[in-house]
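Structure file data-v2.json (JSON, C-alpha atoms) is printed below.
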```
[["chain", "number", "residue", "atom", "x", "y", "z"],
["A", 846, "MET", "CA", 0.00, 0.00, 0.00],
["A", 847, "PRO", "CA", 1.56, 3.33, -1.04],
["A", 848, "GLY", "CA", 2.32, 5.92, 1.58],
["A", 849, "GLN", "CA", 4.47, 8.86, 2.54],
["A", 850, "LEU", "CA", 6.40, 10.12, 5.56],
["A", 851, "ALA", "CA", 7.57, 13.73, 5.75],
["A", 852, "PHE", "CA", 9.84, 14.79, 8.58],
["A", 853, "LYS", "CA", 12.22, 17.61, 9.50],
["A", 854, "ILE", "CA", 15.96, 17.36, 9.81],
["A", 855, "VAL", "CA", 16.88, 17.29, 13.55],
["A", 856, "GLY", "CA", 20.32, 18.65, 14.41],
["A", 857, "ASP", "CA", 21.53, 18.25, 10.82],
["A", 858, "ARG", "CA", 20.34, 14.62, 10.79],
["A", 859, "PRO", "CA", 17.29, 12.98, 9.22],
["A", 860, "LEU", "CA", 15.74, 11.08, 12.16],
["A", 861, "VAL", "CA", 12.56, 9.01, 12.04],
["A", 862, "SER", "CA", 10.67, 7.17, 14.79],
["A", 863, "VAL", "CA", 10.79, 3.40, 14.42],
["A", 864, "GLU", "CA", 8.63, 0.94, 16.30],
["A", 865, "VAL", "CA", 10.80, -2.15, 16.78],
["A", 866, "LYS", "CA", 9.31, -5.59, 17.49],
["A", 867, "PRO", "CA", 10.34, -9.18, 16.83],
["A", 868, "SER", "CA", 9.68, -10.29, 13.23],
["A", 869, "LEU", "CA", 6.06, -11.01, 12.26],
["A", 870, "PRO", "CA", 6.63, -14.82, 12.30],
["A", 871, "ARG", "CA", 8.03, -14.53, 15.85],
["A", 872, "GLN", "CA", 5.07, -12.34, 16.86],
["A", 873, "GLU", "CA", 2.68, -15.03, 15.59],
["A", 874, "TYR", "CA", 4.49, -17.63, 17.71],
["A", 875, "LEU", "CA", 4.31, -15.37, 20.79],
["A", 876, "ASN", "CA", 0.59, -14.78, 20.20],
["A", 877, "ARG", "CA", -0.09, -18.52, 20.00],
["A", 878, "SER", "CA", 1.90, -19.02, 23.20],
["A", 879, "THR", "CA", -0.02, -16.17, 24.88],
["A", 880, "LEU", "CA", 3.29, -14.46, 25.62],
["A", 881, "PRO", "CA", 3.61, -10.67, 25.42],
["A", 882, "ILE", "CA", 5.14, -9.15, 22.30],
["A", 883, "PRO", "CA", 8.00, -6.84, 23.27],
["A", 884, "SER", "CA", 8.29, -3.51, 21.48],
["A", 885, "ASP", "CA", 10.00, -0.16, 21.72],
["A", 886, "THR", "CA", 9.79, 3.05, 19.69],
["A", 887, "VAL", "CA", 13.12, 4.79, 19.23],
["A", 888, "PRO", "CA", 14.75, 7.30, 16.85],
["A", 889, "PHE", "CA", 16.65, 5.91, 13.86],
["A", 890, "LEU", "CA", 18.96, 7.81, 11.53],
["A", 891, "ILE", "CA", 18.14, 7.70, 7.81],
["A", 892, "ASP", "CA", 21.52, 6.85, 6.27],
["A", 893, "THR", "CA", 21.80, 6.43, 2.49],
["A", 894, "GLY", "CA", 25.49, 5.56, 2.96],
["A", 895, "SER", "CA", 24.73, 2.41, 4.96],
["A", 896, "PRO", "CA", 23.92, -0.73, 2.97],
["A", 897, "TYR", "CA", 22.00, -2.27, 5.89],
["A", 898, "CYS", "CA", 19.87, -1.49, 8.93],
["A", 899, "VAL", "CA", 21.57, -1.45, 12.33],
["A", 900, "ILE", "CA", 20.22, -1.41, 15.90],
["A", 901, "ASP", "CA", 21.75, -0.70, 19.30],
["A", 902, "GLU", "CA", 21.55, -3.94, 21.30],
["A", 903, "SER", "CA", 20.19, -2.08, 24.34],
["A", 904, "VAL", "CA", 16.81, -1.78, 22.54],
["A", 905, "ILE", "CA", 16.36, -5.55, 22.23],
["A", 906, "ALA", "CA", 18.58, -6.83, 25.07],
["A", 907, "THR", "CA", 15.77, -8.35, 27.18],
["A", 908, "TRP", "CA", 13.74, -9.85, 24.32],
["A", 909, "ARG", "CA", 15.40, -13.30, 24.17],
["A", 910, "LEU", "CA", 15.78, -13.18, 20.40],
["A", 911, "ARG", "CA", 17.75, -15.73, 18.44],
["A", 912, "MET", "CA", 21.15, -14.40, 17.41],
["A", 913, "ASN", "CA", 21.52, -15.24, 13.72],
["A", 914, "ASN", "CA", 24.84, -15.54, 11.92],
["A", 915, "PRO", "CA", 27.68, -13.59, 13.48],
["A", 916, "VAL", "CA", 28.57, -10.55, 11.41],
["A", 917, "THR", "CA", 31.48, -8.13, 11.18],
["A", 918, "ILE", "CA", 30.48, -4.63, 10.12],
["A", 919, "GLN", "CA", 32.24, -1.33, 9.64],
["A", 920, "THR", "CA", 30.58, 1.71, 11.20],
["A", 921, "GLY", "CA", 31.29, 5.40, 11.20],
["A", 922, "LEU", "CA", 32.29, 5.37, 14.86],
["A", 923, "GLN", "CA", 34.40, 2.22, 14.93],
["A", 924, "GLN", "CA", 36.31, 0.50, 12.18],
["A", 925, "VAL", "CA", 35.03, -3.03, 12.83],
["A", 926, "VAL", "CA", 32.31, -4.36, 15.13],
["A", 927, "ASN", "CA", 31.65, -8.09, 15.65],
["A", 928, "ARG", "CA", 27.95, -8.62, 16.43],
["A", 929, "TRP", "CA", 24.80, -10.44, 15.19],
["A", 930, "HIS", "CA", 21.88, -10.37, 12.78],
["A", 931, "PHE", "CA", 18.38, -10.21, 14.31],
["A", 932, "ASP", "CA", 15.09, -10.72, 12.47],
["A", 933, "LEU", "CA", 12.98, -7.72, 13.45],
["A", 934, "SER", "CA", 9.80, -5.91, 12.46],
["A", 935, "LEU", "CA", 10.43, -2.20, 11.81],
["A", 936, "ARG", "CA", 7.57, 0.31, 11.44],
["A", 937, "LEU", "CA", 8.75, 3.76, 10.39],
["A", 938, "HIS", "CA", 6.49, 6.68, 11.34],
["A", 939, "VAL", "CA", 6.58, 10.35, 12.27],
["A", 940, "HIS", "CA", 3.82, 10.22, 14.92],
["A", 941, "PRO", "CA", 1.98, 7.13, 16.19],
["A", 942, "SER", "CA", -1.19, 8.40, 14.48],
["A", 943, "SER", "CA", 0.54, 9.16, 11.15],
["A", 944, "ASP", "CA", 1.04, 7.02, 8.09],
["A", 945, "SER", "CA", 3.61, 4.28, 8.65],
["A", 946, "TRP", "CA", 5.81, 1.96, 6.61],
["A", 947, "LEU", "CA", 5.95, -1.59, 8.00],
["A", 948, "HIS", "CA", 8.76, -4.05, 7.28],
["A", 949, "GLY", "CA", 7.59, -7.27, 8.92],
["A", 950, "SER", "CA", 10.79, -9.29, 8.81],
["A", 951, "GLU", "CA", 14.00, -7.38, 8.25],
["A", 952, "SER", "CA", 17.48, -8.75, 8.94],
["A", 953, "VAL", "CA", 19.00, -6.06, 11.17],
["A", 954, "MET", "CA", 22.62, -6.01, 12.31],
["A", 955, "SER", "CA", 23.45, -5.05, 15.88],
["A", 956, "VAL", "CA", 26.05, -2.87, 17.53],
["A", 957, "PRO", "CA", 27.00, -2.86, 21.24],
["A", 958, "ALA", "CA", 24.74, -1.03, 23.68],
["A", 959, "GLY", "CA", 25.48, 2.70, 23.71],
["A", 960, "HIS", "CA", 27.27, 2.67, 20.34],
["A", 961, "PHE", "CA", 25.12, 5.50, 18.94],
["A", 962, "ALA", "CA", 24.66, 7.37, 22.26],
["A", 963, "PRO", "CA", 26.81, 10.37, 21.28],
["A", 964, "GLU", "CA", 24.68, 10.82, 18.14],
["A", 965, "GLY", "CA", 21.26, 10.62, 19.86],
["A", 966, "HIS", "CA", 19.66, 7.75, 17.96],
["A", 967, "LYS", "CA", 19.29, 3.99, 18.52],
["A", 968, "GLY", "CA", 19.65, 2.65, 15.00],
["A", 969, "ILE", "CA", 20.16, 3.22, 11.31],
["A", 970, "ILE", "CA", 17.71, 2.76, 8.45],
["A", 971, "GLY", "CA", 20.00, 1.87, 5.57],
["A", 972, "MET", "CA", 19.64, 0.99, 1.90],
["A", 973, "SER", "CA", 18.21, -2.49, 2.61],
["A", 974, "ILE", "CA", 14.94, -0.61, 3.32],
["A", 975, "LEU", "CA", 15.49, 2.72, 1.55],
["A", 976, "CYS", "CA", 15.97, 1.02, -1.84],
["A", 977, "LYS", "CA", 12.29, -0.04, -1.63],
["A", 978, "GLY", "CA", 11.10, 3.59, -1.69],
["A", 979, "ARG", "CA", 12.02, 7.10, -2.77],
["A", 980, "LEU", "CA", 13.79, 9.57, -0.49],
["A", 981, "THR", "CA", 13.76, 13.29, -1.30],
["A", 982, "PHE", "CA", 15.25, 16.25, 0.56],
["A", 983, "ASP", "CA", 14.01, 19.83, 0.21],
["A", 984, "GLY", "CA", 16.98, 21.97, 1.22],
["A", 985, "HIS", "CA", 14.90, 25.17, 1.41],
["A", 986, "THR", "CA", 12.48, 23.81, 4.02],
["A", 987, "GLY", "CA", 14.69, 21.14, 5.63],
["A", 988, "VAL", "CA", 12.00, 18.49, 5.02],
["A", 989, "VAL", "CA", 12.80, 14.91, 4.08],
["A", 990, "THR", "CA", 10.07, 12.90, 2.34],
["A", 991, "LEU", "CA", 10.03, 9.12, 2.12],
["A", 992, "ASP", "CA", 7.57, 7.61, -0.39],
["A", 993, "TRP", "CA", 6.81, 3.93, -0.95]]
```

Can you dump the structure from the file as structure tokens?
Amino acid sequence: MPGQLAFKIVGDRPLVSVEVKPSLPRQEYLNRSTLPIPSDTVPFLIDTGSPYCVIDESVIATWRLRMNNPVTIQTGLQQVVNRWHFDLSLRLHVHPSSDSWLHGSESVMSVPAGHFAPEGHKGIIGMSILCKGRLTFDGHTGVVTLDW
């Protein structure tokens, strides 16, 4: 279903709210087991220079998720980080009542807790999601628009 998010640049950075949950298949399992579905809504940086999505492990630390395939990634803050892939559901939105873009099962790489703390966000939305839409920036107004 087509949609659009429009948001302002915050401190020279395009930030968007992301509701993070376990992947949709994991949510179905939790529902059948009558277990609660953990979730958190945190700011993510829109980063066209990152080929993948990344999350700070502090967001999902207590969720008992399966750590998939160890991965070594290069980040802007550290040359190499050895962490994990997690299958997560990511819903991008500006306000909880606004239009949203749901990705029900996205392979997201992790970084150690606090990795992004100096920058004020908890994750990165990279090209693994952005390539599925259109991102535009209006320099006069400072508004970023994401269409899908």

Legend entry - Shell around Gly978 of chain A at 7 Å using all atoms listed in the file, local window under 5 positions removed, as JSON, numbers by chain: {"A": [991, 992, 993]}

**Q.** Selected residue, from A:Asn914, A:Pro859, A:Val865, A:Arg979, that lies nearest to Pro847 of chain A when counting all atoms listed in the file
**A.**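 Residue with the minimum atom-to-atom distance to Pro847 of chain A: A:Arg979.
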
Shell of 7 Å around segment 945-959 of chain A, all atoms listed in the file, local chain residues under 5 positions omitted, as a ChimeraX atom specification: /A:868-869,898-903,926,928-938

Q: Give the answer as one residue: which of A:Arg877, A:Lys853, A:Arg871, A:Arg858 has the shortest atom-to-atom distance to Gly965 of chain A, using all atoms listed in the file?
A: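 The answer is A:Arg858, which sits nearest to Gly965 of chain A.
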
Selection: 12 Å around Pro896 of chain A, only C-alpha atoms, excl. self and same-chain fewer than 5 positions, as a ChimeraX atom specification: /A:891,918-920,952-954,969-976

Selection above as a file: C-alpha atoms, as a PDB file, keeping the file's coordinate frame:
```pdb
ATOM      1  CA  ILE A 891      18.140   7.700   7.810  1.00  0.00           C
ATOM      2  CA  ILE A 918      30.480  -4.630  10.120  1.00  0.00           C
ATOM      3  CA  GLN A 919      32.240  -1.330   9.640  1.00  0.00           C
ATOM      4  CA  THR A 920      30.580   1.710  11.200  1.00  0.00           C
ATOM      5  CA  SER A 952      17.480  -8.750   8.940  1.00  0.00           C
ATOM      6  CA  VAL A 953      19.000  -6.060  11.170  1.00  0.00           C
ATOM      7  CA  MET A 954      22.620  -6.010  12.310  1.00  0.00           C
ATOM      8  CA  ILE A 969      20.160   3.220  11.310  1.00  0.00           C
ATOM      9  CA  ILE A 970      17.710   2.760   8.450  1.00  0.00           C
ATOM     10  CA  GLY A 971      20.000   1.870   5.570  1.00  0.00           C
ATOM     11  CA  MET A 972      19.640   0.990   1.900  1.00  0.00           C
ATOM     12  CA  SER A 973      18.210  -2.490   2.610  1.00  0.00           C
ATOM     13  CA  ILE A 974      14.940  -0.610   3.320  1.00  0.00           C
ATOM     14  CA  LEU A 975      15.490   2.720   1.550  1.00  0.00           C
ATOM     15  CA  CYS A 976      15.970   1.020  -1.840  1.00  0.00           C
TER      16      CYS A 976
END
```

Residue nearest Thr990 of chain A among A:Ile882, A:Gly968, A:Val939, A:Lys866 (counting all atoms listed in the file) =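 The shortest atom-to-atom distance to Thr990 of chain A comes from A:Val939.
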
- What separation in Å, quoted to one decimal, exists between atom CA of His940 of chain A and atom CA of Trp908 of chain A?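 Between these atoms lies a distance of 24.3 Å.
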
task: Enter the distance from atom CA of Gln849 of chain A to atom CA of Thr981 of chain A, in Å, rounded to one decimal.
output: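 Calculated distance between atom CA of Gln849 of chain A and atom CA of Thr981 of chain A is 11.0 Å.
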
Nearest to His966 of chain A, restricted to all atoms listed in the file and choosing among A:Ser862, A:Ser884, A:Thr917, A:Thr879, comes out as A:Ser862

| said: Given all atoms listed in the file as the basis, pick out the residue of A:Leu890, A:Asn927, A:Thr907, A:His960 nearest to Asp857 of chain A. | reply: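 Residue with the minimum atom-to-atom distance to Asp857 of chain A: A:Leu890.
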